[in-house]
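query-v3.csv (CSV, N, CA and C atoms)
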```csv
chain,number,residue,atom,x,y,z
A,1,MET,N,-27.9,20.5,25.9
A,1,MET,CA,-27.2,20.7,27.2
A,1,MET,C,-25.7,20.7,27.0
A,2,SER,N,-25.0,21.6,27.6
A,2,SER,CA,-23.6,21.6,27.5
A,2,SER,C,-23.0,20.5,28.3
A,3,THR,N,-21.9,20.0,27.9
A,3,THR,CA,-21.2,18.9,28.6
A,3,THR,C,-20.5,19.5,29.9
A,4,THR,N,-20.3,20.8,30.0
A,4,THR,CA,-19.7,21.4,31.1
A,4,THR,C,-20.7,21.8,32.1
A,5,ASP,N,-22.0,21.7,31.8
A,5,ASP,CA,-23.1,22.1,32.7
A,5,ASP,C,-23.2,21.1,33.8
A,6,ASP,N,-23.4,21.7,35.1
A,6,ASP,CA,-23.5,20.8,36.2
A,6,ASP,C,-24.8,20.1,36.4
A,7,THR,N,-25.8,20.4,35.6
A,7,THR,CA,-27.1,19.8,35.7
A,7,THR,C,-27.1,18.6,34.8
A,8,TYR,N,-28.0,17.7,35.1
A,8,TYR,CA,-28.2,16.5,34.3
A,8,TYR,C,-29.6,16.4,33.8
A,9,LEU,N,-29.8,15.8,32.7
A,9,LEU,CA,-31.1,15.5,32.1
A,9,LEU,C,-31.5,14.1,32.5
A,10,VAL,N,-32.7,14.0,33.0
A,10,VAL,CA,-33.3,12.7,33.3
A,10,VAL,C,-34.3,12.4,32.2
A,11,ALA,N,-34.1,11.3,31.5
A,11,ALA,CA,-35.0,10.9,30.4
A,11,ALA,C,-35.6,9.6,30.7
A,12,ILE,N,-36.7,9.3,30.0
A,12,ILE,CA,-37.4,8.0,30.1
A,12,ILE,C,-37.1,7.3,28.8
A,13,ARG,N,-36.6,6.1,28.8
A,13,ARG,CA,-36.3,5.4,27.6
A,13,ARG,C,-36.9,4.0,27.7
A,14,PRO,N,-37.3,3.4,26.5
A,14,PRO,CA,-37.8,2.0,26.5
A,14,PRO,C,-36.7,1.1,27.0
A,15,LEU,N,-37.1,0.0,27.6
A,15,LEU,CA,-36.2,-0.9,28.2
A,15,LEU,C,-35.2,-1.5,27.2
A,16,ASP,N,-35.7,-1.7,25.9
A,16,ASP,CA,-34.8,-2.3,24.9
A,16,ASP,C,-33.7,-1.3,24.5
A,17,PHE,N,-33.7,0.0,24.9
A,17,PHE,CA,-32.6,0.9,24.7
A,17,PHE,C,-31.4,0.6,25.5
A,18,PHE,N,-31.5,0.0,26.6
A,18,PHE,CA,-30.4,-0.2,27.6
A,18,PHE,C,-29.6,-1.5,27.2
A,19,ARG,N,-28.3,-1.3,27.4
A,19,ARG,CA,-27.4,-2.5,27.1
A,19,ARG,C,-26.6,-2.7,28.3
A,20,ALA,N,-26.7,-3.9,28.9
A,20,ALA,CA,-25.9,-4.2,30.1
A,20,ALA,C,-24.4,-4.2,29.7
A,21,SER,N,-23.6,-3.8,30.7
A,21,SER,CA,-22.1,-3.8,30.5
A,21,SER,C,-21.4,-4.8,31.3
A,22,GLU,N,-22.0,-5.2,32.4
A,22,GLU,CA,-21.3,-6.2,33.3
A,22,GLU,C,-22.3,-7.3,33.7
A,23,GLU,N,-21.7,-8.4,34.0
A,23,GLU,CA,-22.5,-9.5,34.6
A,23,GLU,C,-23.0,-9.1,36.0
A,24,VAL,N,-24.0,-9.8,36.5
A,24,VAL,CA,-24.5,-9.4,37.8
A,24,VAL,C,-24.6,-10.6,38.7
A,25,ASP,N,-24.8,-10.3,40.0
A,25,ASP,CA,-25.0,-11.3,41.0
A,25,ASP,C,-26.5,-11.6,41.2
A,26,ARG,N,-26.9,-12.8,40.9
A,26,ARG,CA,-28.4,-13.1,40.9
A,26,ARG,C,-29.0,-12.8,42.2
A,27,ALA,N,-28.4,-13.2,43.3
A,27,ALA,CA,-29.0,-12.9,44.7
A,27,ALA,C,-29.1,-11.4,44.9
A,28,ARG,N,-28.2,-10.6,44.5
A,28,ARG,CA,-28.3,-9.2,44.6
A,28,ARG,C,-29.5,-8.7,43.8
A,29,VAL,N,-29.7,-9.2,42.6
A,29,VAL,CA,-30.9,-8.8,41.8
A,29,VAL,C,-32.2,-9.1,42.5
A,30,VAL,N,-32.3,-10.3,43.1
A,30,VAL,CA,-33.5,-10.7,43.8
A,30,VAL,C,-33.8,-9.8,45.0
A,31,ALA,N,-32.8,-9.5,45.8
A,31,ALA,CA,-33.0,-8.6,46.9
A,31,ALA,C,-33.3,-7.2,46.5
A,32,LEU,N,-32.6,-6.7,45.5
A,32,LEU,CA,-32.9,-5.3,45.0
A,32,LEU,C,-34.3,-5.2,44.4
A,33,ALA,N,-34.7,-6.3,43.7
A,33,ALA,CA,-36.1,-6.3,43.1
A,33,ALA,C,-37.1,-6.2,44.2
A,34,GLU,N,-37.0,-6.9,45.3
A,34,GLU,CA,-37.9,-6.8,46.4
A,34,GLU,C,-37.9,-5.4,47.1
A,35,SER,N,-36.7,-4.8,47.2
A,35,SER,CA,-36.6,-3.5,47.8
A,35,SER,C,-37.3,-2.5,46.9
A,36,ILE,N,-37.1,-2.5,45.6
A,36,ILE,CA,-37.7,-1.6,44.7
A,36,ILE,C,-39.2,-1.8,44.6
A,37,ARG,N,-39.6,-3.1,44.6
A,37,ARG,CA,-41.1,-3.4,44.6
A,37,ARG,C,-41.8,-2.8,45.9
A,38,ALA,N,-41.1,-3.0,47.0
A,38,ALA,CA,-41.7,-2.5,48.3
A,38,ALA,C,-41.8,-1.0,48.3
A,39,ALA,N,-40.8,-0.3,47.7
A,39,ALA,CA,-40.8,1.1,47.7
A,39,ALA,C,-41.9,1.7,46.7
A,40,GLY,N,-42.2,0.9,45.7
A,40,GLY,CA,-43.2,1.3,44.8
A,40,GLY,C,-42.8,2.3,43.8
A,41,CYS,N,-41.5,2.7,43.8
A,41,CYS,CA,-41.1,3.8,42.9
A,41,CYS,C,-39.6,3.5,42.5
A,42,TRP,N,-39.2,4.1,41.4
A,42,TRP,CA,-37.9,4.0,40.9
A,42,TRP,C,-37.1,5.2,41.3
A,43,CYS,N,-36.1,5.1,42.1
A,43,CYS,CA,-35.4,6.2,42.7
A,43,CYS,C,-34.1,6.6,42.1
A,44,VAL,N,-33.5,5.7,41.4
A,44,VAL,CA,-32.1,5.9,40.9
A,44,VAL,C,-32.1,5.7,39.4
A,45,PRO,N,-32.1,6.8,38.6
A,45,PRO,CA,-32.0,6.7,37.1
A,45,PRO,C,-30.6,6.1,36.8
A,46,LEU,N,-30.6,5.3,35.7
A,46,LEU,CA,-29.4,4.7,35.2
A,46,LEU,C,-28.6,5.6,34.4
A,47,PRO,N,-27.3,5.9,34.7
A,47,PRO,CA,-26.5,6.6,33.8
A,47,PRO,C,-26.1,5.7,32.7
A,48,VAL,N,-26.3,6.2,31.5
A,48,VAL,CA,-26.0,5.4,30.3
A,48,VAL,C,-25.3,6.3,29.2
A,49,GLU,N,-24.6,5.6,28.4
A,49,GLU,CA,-23.9,6.2,27.2
A,49,GLU,C,-25.1,6.6,26.3
A,50,ARG,N,-25.2,7.9,26.0
A,50,ARG,CA,-26.4,8.4,25.3
A,50,ARG,C,-26.7,7.8,23.9
A,51,ASP,N,-25.6,7.5,23.2
A,51,ASP,CA,-25.8,7.0,21.8
A,51,ASP,C,-26.1,5.5,21.8
A,52,THR,N,-25.5,4.7,22.7
A,52,THR,CA,-25.6,3.2,22.6
A,52,THR,C,-26.5,2.6,23.7
A,53,GLY,N,-26.8,3.4,24.8
A,53,GLY,CA,-27.6,2.8,25.9
A,53,GLY,C,-26.8,2.0,26.8
A,54,LEU,N,-25.4,1.9,26.6
A,54,LEU,CA,-24.6,1.1,27.5
A,54,LEU,C,-24.7,1.6,28.9
A,55,VAL,N,-25.0,0.7,29.9
A,55,VAL,CA,-25.2,1.1,31.3
A,55,VAL,C,-23.8,1.4,31.9
A,56,MET,N,-23.6,2.6,32.4
A,56,MET,CA,-22.4,3.0,33.0
A,56,MET,C,-22.4,2.4,34.5
A,57,ASP,N,-23.5,2.5,35.1
A,57,ASP,CA,-23.6,2.1,36.5
A,57,ASP,C,-25.1,1.7,36.7
A,58,GLY,N,-25.3,0.5,37.2
A,58,GLY,CA,-26.7,0.0,37.5
A,58,GLY,C,-27.1,-1.2,36.7
A,59,ASN,N,-26.1,-2.1,36.5
A,59,ASN,CA,-26.5,-3.3,35.8
A,59,ASN,C,-27.4,-4.2,36.6
A,60,HIS,N,-27.3,-4.2,37.9
A,60,HIS,CA,-28.3,-4.9,38.7
A,60,HIS,C,-29.7,-4.3,38.6
A,61,ARG,N,-29.7,-3.0,38.6
A,61,ARG,CA,-31.0,-2.3,38.5
A,61,ARG,C,-31.7,-2.6,37.1
A,62,LEU,N,-30.8,-2.7,36.1
A,62,LEU,CA,-31.4,-3.0,34.8
A,62,LEU,C,-32.0,-4.4,34.8
A,63,ARG,N,-31.3,-5.4,35.4
A,63,ARG,CA,-31.9,-6.7,35.5
A,63,ARG,C,-33.1,-6.7,36.3
A,64,VAL,N,-33.2,-5.9,37.4
A,64,VAL,CA,-34.4,-5.8,38.2
A,64,VAL,C,-35.6,-5.3,37.3
A,65,ALA,N,-35.3,-4.3,36.5
A,65,ALA,CA,-36.4,-3.8,35.6
A,65,ALA,C,-37.0,-4.9,34.8
A,66,HIS,N,-36.1,-5.8,34.2
A,66,HIS,CA,-36.6,-6.9,33.4
A,66,HIS,C,-37.4,-7.8,34.3
A,67,ARG,N,-36.9,-8.1,35.5
A,67,ARG,CA,-37.6,-9.0,36.5
A,67,ARG,C,-39.0,-8.5,36.9
A,68,LEU,N,-39.1,-7.1,37.0
A,68,LEU,CA,-40.4,-6.5,37.4
A,68,LEU,C,-41.3,-6.3,36.2
A,69,GLY,N,-40.9,-6.6,35.0
A,69,GLY,CA,-41.7,-6.4,33.8
A,69,GLY,C,-41.9,-5.0,33.4
A,70,LEU,N,-40.9,-4.1,33.8
A,70,LEU,CA,-41.0,-2.7,33.4
A,70,LEU,C,-40.8,-2.6,31.9
A,71,LYS,N,-41.4,-1.6,31.3
A,71,LYS,CA,-41.3,-1.3,29.8
A,71,LYS,C,-40.4,-0.1,29.6
A,72,ARG,N,-40.2,0.7,30.6
A,72,ARG,CA,-39.4,2.0,30.5
A,72,ARG,C,-38.6,2.2,31.7
A,73,LEU,N,-37.5,2.9,31.6
A,73,LEU,CA,-36.7,3.3,32.8
A,73,LEU,C,-36.2,4.7,32.7
A,74,PRO,N,-36.1,5.4,33.8
A,74,PRO,CA,-35.4,6.7,33.8
A,74,PRO,C,-33.9,6.5,33.7
A,75,CYS,N,-33.3,7.4,33.0
A,75,CYS,CA,-31.9,7.3,32.8
A,75,CYS,C,-31.3,8.8,32.7
A,76,VAL,N,-30.0,8.8,32.9
A,76,VAL,CA,-29.2,10.1,32.7
A,76,VAL,C,-28.3,9.8,31.5
A,77,PRO,N,-28.7,10.3,30.3
A,77,PRO,CA,-27.8,10.1,29.1
A,77,PRO,C,-26.6,10.9,29.2
A,78,LEU,N,-25.4,10.3,29.0
A,78,LEU,CA,-24.1,10.9,29.1
A,78,LEU,C,-23.2,10.5,28.0
A,79,SER,N,-22.1,11.1,27.9
A,79,SER,CA,-21.0,10.7,26.9
A,79,SER,C,-19.8,10.3,27.7
A,80,TYR,N,-19.0,9.4,27.2
A,80,TYR,CA,-17.8,9.1,27.9
A,80,TYR,C,-16.7,10.2,27.7
A,81,ALA,N,-17.0,11.2,26.9
A,81,ALA,CA,-16.2,12.4,26.7
A,81,ALA,C,-16.6,13.5,27.7
A,82,ASP,N,-17.7,13.3,28.4
A,82,ASP,CA,-18.2,14.3,29.4
A,82,ASP,C,-17.2,14.3,30.6
A,83,PRO,N,-16.7,15.5,30.9
A,83,PRO,CA,-15.7,15.6,32.0
A,83,PRO,C,-16.3,15.3,33.4
A,84,ARG,N,-17.6,15.2,33.5
A,84,ARG,CA,-18.3,14.8,34.8
A,84,ARG,C,-18.2,13.3,35.0
A,85,VAL,N,-17.8,12.5,34.0
A,85,VAL,CA,-17.8,11.0,34.1
A,85,VAL,C,-16.3,10.6,34.3
A,86,ASP,N,-16.1,9.9,35.4
A,86,ASP,CA,-14.7,9.3,35.7
A,86,ASP,C,-14.9,7.8,35.7
A,87,VAL,N,-14.1,7.1,34.9
A,87,VAL,CA,-14.2,5.6,34.9
A,87,VAL,C,-12.9,5.0,35.3
A,88,ARG,N,-12.9,4.1,36.3
A,88,ARG,CA,-11.7,3.5,36.8
A,88,ARG,C,-12.0,2.0,36.9
A,89,GLY,N,-10.9,1.3,37.0
A,89,GLY,CA,-11.0,-0.2,37.3
A,89,GLY,C,-11.4,-0.3,38.8
A,90,TRP,N,-12.4,-1.2,39.0
A,90,TRP,CA,-12.9,-1.3,40.4
A,90,TRP,C,-11.9,-1.7,41.4
A,91,ARG,N,-11.1,-2.7,41.0
A,91,ARG,CA,-10.1,-3.2,42.0
A,91,ARG,C,-8.8,-2.4,42.1
A,92,CYS,N,-8.3,-2.0,40.9
A,92,CYS,CA,-7.0,-1.3,40.9
A,92,CYS,C,-7.1,0.2,41.0
A,93,GLY,N,-8.3,0.8,40.7
A,93,GLY,CA,-8.4,2.3,40.9
A,93,GLY,C,-7.8,3.1,39.7
A,94,GLN,N,-7.2,2.4,38.8
A,94,GLN,CA,-6.6,3.1,37.7
A,94,GLN,C,-7.6,3.5,36.6
A,95,PRO,N,-7.3,4.5,35.8
A,95,PRO,CA,-8.3,4.9,34.7
A,95,PRO,C,-8.5,3.7,33.8
A,96,PHE,N,-9.8,3.5,33.5
A,96,PHE,CA,-10.2,2.4,32.6
A,96,PHE,C,-10.3,2.8,31.2
A,97,ASP,N,-9.9,1.9,30.3
A,97,ASP,CA,-9.8,2.1,28.9
A,97,ASP,C,-11.2,2.3,28.3
A,98,ARG,N,-11.6,3.5,28.0
A,98,ARG,CA,-12.9,3.8,27.5
A,98,ARG,C,-13.2,3.3,26.1
A,99,THR,N,-12.1,3.0,25.3
A,99,THR,CA,-12.3,2.4,24.0
A,99,THR,C,-12.8,1.0,24.2
A,100,LEU,N,-12.4,0.3,25.3
A,100,LEU,CA,-13.0,-1.0,25.5
A,100,LEU,C,-14.5,-1.0,25.8
A,101,LEU,N,-14.9,0.1,26.5
A,101,LEU,CA,-16.4,0.2,26.7
A,101,LEU,C,-17.1,0.5,25.4
A,102,ARG,N,-16.5,1.3,24.6
A,102,ARG,CA,-17.2,1.6,23.3
A,102,ARG,C,-17.3,0.3,22.4
A,103,ARG,N,-16.3,-0.5,22.5
A,103,ARG,CA,-16.3,-1.8,21.7
A,103,ARG,C,-17.3,-2.7,22.3
A,104,LEU,N,-17.4,-2.7,23.6
A,104,LEU,CA,-18.4,-3.5,24.3
A,104,LEU,C,-19.8,-3.1,23.9
A,105,ALA,N,-20.1,-1.8,23.8
A,105,ALA,CA,-21.4,-1.3,23.3
A,105,ALA,C,-21.7,-1.8,21.9
A,106,ARG,N,-20.7,-1.9,21.1
A,106,ARG,CA,-20.9,-2.4,19.7
A,106,ARG,C,-21.2,-3.9,19.6
A,107,THR,N,-20.4,-4.7,20.5
A,107,THR,CA,-20.5,-6.1,20.4
A,107,THR,C,-21.5,-6.8,21.3
A,108,GLY,N,-21.9,-6.1,22.3
A,108,GLY,CA,-22.9,-6.7,23.2
A,108,GLY,C,-22.3,-7.6,24.2
A,109,GLY,N,-21.0,-7.7,24.4
A,109,GLY,CA,-20.3,-8.5,25.4
A,109,GLY,C,-20.5,-8.0,26.8
A,110,LEU,N,-20.2,-8.8,27.8
A,110,LEU,CA,-20.3,-8.3,29.2
A,110,LEU,C,-19.0,-8.5,29.9
A,111,LEU,N,-18.6,-7.5,30.7
A,111,LEU,CA,-17.5,-7.6,31.5
A,111,LEU,C,-17.8,-8.4,32.8
A,112,PRO,N,-16.9,-8.9,33.5
A,112,PRO,CA,-17.2,-9.6,34.8
A,112,PRO,C,-17.7,-8.5,35.8
A,113,PRO,N,-18.4,-9.0,36.8
A,113,PRO,CA,-19.0,-8.1,37.8
A,113,PRO,C,-17.9,-7.2,38.4
A,114,LYS,N,-18.3,-6.0,38.7
A,114,LYS,CA,-17.5,-5.0,39.4
A,114,LYS,C,-16.1,-4.8,38.7
A,115,THR,N,-16.1,-4.7,37.3
A,115,THR,CA,-14.9,-4.4,36.6
A,115,THR,C,-14.6,-2.9,36.6
A,116,THR,N,-15.7,-2.2,36.3
A,116,THR,CA,-15.5,-0.7,36.2
A,116,THR,C,-16.2,0.0,37.4
A,117,ARG,N,-15.7,1.1,37.7
A,117,ARG,CA,-16.3,2.0,38.7
A,117,ARG,C,-16.5,3.4,38.1
A,118,HIS,N,-17.7,3.8,37.9
A,118,HIS,CA,-18.0,5.1,37.4
A,118,HIS,C,-18.3,6.1,38.5
A,119,ARG,N,-17.7,7.2,38.4
A,119,ARG,CA,-18.1,8.3,39.4
A,119,ARG,C,-18.5,9.5,38.6
A,120,PHE,N,-19.4,10.2,39.2
A,120,PHE,CA,-20.0,11.4,38.5
A,120,PHE,C,-19.9,12.6,39.4
A,121,ALA,N,-19.4,13.7,38.9
A,121,ALA,CA,-19.3,14.9,39.7
A,121,ALA,C,-19.9,16.1,38.9
A,122,PRO,N,-21.0,16.6,39.4
A,122,PRO,CA,-21.6,16.4,40.7
A,122,PRO,C,-22.3,15.0,40.7
A,123,ALA,N,-22.9,14.7,41.8
A,123,ALA,CA,-23.6,13.4,42.0
A,123,ALA,C,-24.8,13.4,41.1
A,124,LEU,N,-25.2,12.2,40.6
A,124,LEU,CA,-26.4,12.1,39.8
A,124,LEU,C,-27.7,12.4,40.6
A,125,PRO,N,-28.7,12.8,39.9
A,125,PRO,CA,-30.0,13.1,40.6
A,125,PRO,C,-30.7,11.8,41.0
A,126,VAL,N,-31.7,12.0,41.9
A,126,VAL,CA,-32.5,10.9,42.3
A,126,VAL,C,-33.9,11.2,41.8
A,127,THR,N,-34.8,10.2,41.7
A,127,THR,CA,-36.2,10.4,41.2
A,127,THR,C,-37.1,9.6,42.1
A,128,GLU,N,-38.4,9.8,42.0
A,128,GLU,CA,-39.4,9.1,42.7
A,128,GLU,C,-40.5,8.8,41.7
A,129,ILE,N,-40.2,8.0,40.7
A,129,ILE,CA,-41.2,7.7,39.7
A,129,ILE,C,-41.9,6.4,40.0
A,130,PRO,N,-43.3,6.5,40.2
A,130,PRO,CA,-44.0,5.3,40.5
A,130,PRO,C,-43.8,4.2,39.5
A,131,LEU,N,-43.6,3.0,40.0
A,131,LEU,CA,-43.4,1.8,39.1
A,131,LEU,C,-44.5,1.7,38.1
A,132,ALA,N,-45.8,2.0,38.5
A,132,ALA,CA,-46.9,1.9,37.6
A,132,ALA,C,-46.7,2.7,36.3
A,133,LEU,N,-46.0,3.8,36.4
A,133,LEU,CA,-45.8,4.7,35.2
A,133,LEU,C,-44.7,4.1,34.3
A,134,LEU,N,-44.0,3.1,34.8
A,134,LEU,CA,-42.9,2.5,34.0
A,134,LEU,C,-43.3,1.1,33.4
A,135,LEU,N,-44.5,0.7,33.7
A,135,LEU,CA,-45.0,-0.6,33.1
A,135,LEU,C,-45.5,-0.5,31.7
```
Step by step, read the file and then write its structure as structure tokens.
Amino acid sequence: MSTTDDTYLVAIRPLDFFRASEEVDRARVVALAESIRAAGCWCVPLPVERDTGLVMDGNHRLRVAHRLGLKRLPCVPLSYADPRVDVRGWRCGQPFDRTLLRRLARTGGLLPPKTTRHRFAPALPVTEIPLALLL
């Protein structure tokens, strides 16, 4: 797939492929888990750095997957060099240092909640994958 192509690949990866990038709010995880369980399907694939599995957006959803006992998750593998990926500081709106994210992927550290804001142009796809297929 070309990095200038407007289409995205949705892939299914084992849960241990994914690496959290930010801490999460426990109450938000509980509420989101109930919402996803009630829907019975996974609707938002996680955008991840394709080589390291670092979660670009969706750390709460990653924690939900663990909570629900899922073994696999849909994701959109991307590169931080992809022009469709824009990363900014959540609070300041300034471009975020992508080398810090690469270092984070290597070390396994976590940023505080809502440190980064990833935007994707065009918007990422949605899915309707039954949870039973991800167990």
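Inside chain A, the residues DSSP reads as strand (DSSP E) when given the backbone are A:Ala11, A:Ile12, A:Arg13, A:Pro14, A:Cys41, A:Trp42, A:Leu46, A:Pro47, A:Val48, A:Glu49, A:Arg72, A:Leu73, A:Pro74, A:Cys75, A:Val76, A:Pro77, A:Leu78, A:Val85, A:Asp86, A:Val87, A:Arg88, A:Gly89, A:Thr116, A:Arg117, A:His118, A:Arg119, A:Phe120, A:Ile129, A:Pro130.
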Against segment 116-133 of chain A, which residues of segment 46-74 of chain A fall within 8 Å? For each one I want the closest pair of atoms and the distance in Å (one decimal), counting all atoms listed in the file, rows by chain and increasing residue number, as JSON lines.
```
{"residue": "A:Met56", "atom": "C", "partner": "A:His118", "partner_atom": "CA", "distance": 5.9}
{"residue": "A:Asp57", "atom": "CA", "partner": "A:His118", "partner_atom": "N", "distance": 6.3}
{"residue": "A:Leu70", "atom": "CA", "partner": "A:Leu131", "partner_atom": "C", "distance": 7.3}
{"residue": "A:Lys71", "atom": "N", "partner": "A:Leu133", "partner_atom": "C", "distance": 7.2}
{"residue": "A:Arg72", "atom": "N", "partner": "A:Leu133", "partner_atom": "C", "distance": 6.7}
{"residue": "A:Leu73", "atom": "N", "partner": "A:Leu133", "partner_atom": "C", "distance": 7.8}
```
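Interatomic distance, atom CA of Pro77 of chain A against atom CA of Leu135 of chain A: 20.6 Å.
For Asp51 of chain A, the list of residues within 7 Å, based on only N, CA and C atoms and with local chain neighbours fewer than 2 positions off taken out, reads Val48, Glu49, Gly53, Leu54, Pro77, Leu78 and Ser79 of chain A.
Here atom CA of His60 of chain A stands at a distance of 5.6 Å from atom CA of Val29 of chain A.
For the pair atom C of Asp16 of chain A and atom CA of Phe96 of chain A, the interatomic distance is 25.1 Å.
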Handout entry: Spatial neighbours of Ala33 of chain A, max dist 8 Å, all atoms listed in the file, sep filter under 5 positions, as a ChimeraX atom specification
Key = /A:27-28,38-39,60-61,63-65,67-68
Handout entry: Residue contacts of Ile12 of chain A (9 Å, only C-alpha atoms) excluding same-chain residues fewer than 3 positions away, as a ChimeraX atom specification
Key = /A:45,72-76,134
Keeping only N, CA and C atoms, write the selected residues as a PDB file, keeping the file's coordinate frame.
```pdb
ATOM      1  N   PRO A  45     -32.100   6.800  38.600  1.00  0.00           N
ATOM      2  CA  PRO A  45     -32.000   6.700  37.100  1.00  0.00           C
ATOM      3  C   PRO A  45     -30.600   6.100  36.800  1.00  0.00           C
ATOM      4  N   ARG A  72     -40.200   0.700  30.600  1.00  0.00           N
ATOM      5  CA  ARG A  72     -39.400   2.000  30.500  1.00  0.00           C
ATOM      6  C   ARG A  72     -38.600   2.200  31.700  1.00  0.00           C
ATOM      7  N   LEU A  73     -37.500   2.900  31.600  1.00  0.00           N
ATOM      8  CA  LEU A  73     -36.700   3.300  32.800  1.00  0.00           C
ATOM      9  C   LEU A  73     -36.200   4.700  32.700  1.00  0.00           C
ATOM     10  N   PRO A  74     -36.100   5.400  33.800  1.00  0.00           N
ATOM     11  CA  PRO A  74     -35.400   6.700  33.800  1.00  0.00           C
ATOM     12  C   PRO A  74     -33.900   6.500  33.700  1.00  0.00           C
ATOM     13  N   CYS A  75     -33.300   7.400  33.000  1.00  0.00           N
ATOM     14  CA  CYS A  75     -31.900   7.300  32.800  1.00  0.00           C
ATOM     15  C   CYS A  75     -31.300   8.800  32.700  1.00  0.00           C
ATOM     16  N   VAL A  76     -30.000   8.800  32.900  1.00  0.00           N
ATOM     17  CA  VAL A  76     -29.200  10.100  32.700  1.00  0.00           C
ATOM     18  C   VAL A  76     -28.300   9.800  31.500  1.00  0.00           C
ATOM     19  N   LEU A 134     -44.000   3.100  34.800  1.00  0.00           N
ATOM     20  CA  LEU A 134     -42.900   2.500  34.000  1.00  0.00           C
ATOM     21  C   LEU A 134     -43.300   1.100  33.400  1.00  0.00           C
TER      22      LEU A 134
END
```
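Compared by their closest atoms to Arg19 of chain A, and using only N, CA and C atoms, the residues A:Pro83, A:Gly108, A:Pro113, A:Gly89 rank with A:Gly108 nearest.
Candidate residues A:Asn59, A:Ser35, A:Thr7, A:Ser21 were compared for distance to Ala105 of chain A, and the nearest is A:Ser21, using only N, CA and C atoms.
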What are the centre and edge lengths in Å, to one decimal, of the axis-aligned box around all listed atoms of segment 12-17 of chain A with 3 Å added on each side, as lines of an AutoDock Vina configuration file?
```
center_x = -34.6
center_y = 3.5
center_z = 27.3
size_x = 12.4
size_y = 17.6
size_z = 11.6
```
Handout entry: Shortest interatomic distance to Cys92 of chain A - which of A:Thr115, A:Leu62, A:Gly40, A:Thr107, counting only N, CA and C atoms
Key = A:Thr115
Practice task
Quick one: pick out all alpha helix (DSSP H) residues within chain A from a backbone DSSP run and write them as a PyMOL selection string.
Solution key: chain A and resi 26-39+59-67+98-107
Dump N, CA and C atoms of segment 20-34 of chain A from the given block, as an mmCIF file, in the first residue's frame.
```cif
data_model
loop_
_atom_site.group_PDB
_atom_site.id
_atom_site.type_symbol
_atom_site.label_atom_id
_atom_site.label_comp_id
_atom_site.auth_asym_id
_atom_site.auth_seq_id
_atom_site.Cartn_x
_atom_site.Cartn_y
_atom_site.Cartn_z
ATOM 1 N N ALA A 20 0.575 0.026 24.619
ATOM 2 C CA ALA A 20 -0.061 1.262 25.083
ATOM 3 C C ALA A 20 0.946 2.412 25.010
ATOM 4 N N SER A 21 0.442 3.608 24.738
ATOM 5 C CA SER A 21 1.308 4.787 24.685
ATOM 6 C C SER A 21 0.984 5.802 25.775
ATOM 7 N N GLU A 22 -0.239 5.736 26.325
ATOM 8 C CA GLU A 22 -0.647 6.690 27.351
ATOM 9 C C GLU A 22 -1.390 5.976 28.471
ATOM 10 N N GLU A 23 -1.313 6.559 29.646
ATOM 11 C CA GLU A 23 -2.107 6.068 30.770
ATOM 12 C C GLU A 23 -3.573 6.341 30.475
ATOM 13 N N VAL A 24 -4.468 5.639 31.171
ATOM 14 C CA VAL A 24 -5.903 5.784 30.913
ATOM 15 C C VAL A 24 -6.665 6.082 32.199
ATOM 16 N N ASP A 25 -7.881 6.542 32.023
ATOM 17 C CA ASP A 25 -8.792 6.792 33.126
ATOM 18 C C ASP A 25 -9.611 5.522 33.358
ATOM 19 N N ARG A 26 -9.485 4.924 34.538
ATOM 20 C CA ARG A 26 -10.135 3.644 34.827
ATOM 21 C C ARG A 26 -11.654 3.705 34.657
ATOM 22 N N ALA A 27 -12.281 4.778 35.116
ATOM 23 C CA ALA A 27 -13.738 4.903 34.993
ATOM 24 C C ALA A 27 -14.161 4.929 33.524
ATOM 25 N N ARG A 28 -13.373 5.569 32.695
ATOM 26 C CA ARG A 28 -13.677 5.615 31.258
ATOM 27 C C ARG A 28 -13.558 4.218 30.647
ATOM 28 N N VAL A 29 -12.570 3.434 31.091
ATOM 29 C CA VAL A 29 -12.402 2.065 30.599
ATOM 30 C C VAL A 29 -13.625 1.227 30.955
ATOM 31 N N VAL A 30 -14.101 1.328 32.191
ATOM 32 C CA VAL A 30 -15.262 0.548 32.638
ATOM 33 C C VAL A 30 -16.496 0.907 31.810
ATOM 34 N N ALA A 31 -16.742 2.205 31.630
ATOM 35 C CA ALA A 31 -17.920 2.644 30.867
ATOM 36 C C ALA A 31 -17.817 2.213 29.405
ATOM 37 N N LEU A 32 -16.642 2.348 28.820
ATOM 38 C CA LEU A 32 -16.446 1.968 27.424
ATOM 39 C C LEU A 32 -16.578 0.458 27.243
ATOM 40 N N ALA A 33 -16.095 -0.312 28.207
ATOM 41 C CA ALA A 33 -16.215 -1.780 28.143
ATOM 42 C C ALA A 33 -17.685 -2.180 28.115
ATOM 43 N N GLU A 34 -18.501 -1.559 28.943
ATOM 44 C CA GLU A 34 -19.936 -1.876 28.962
ATOM 45 C C GLU A 34 -20.594 -1.499 27.637
#
```
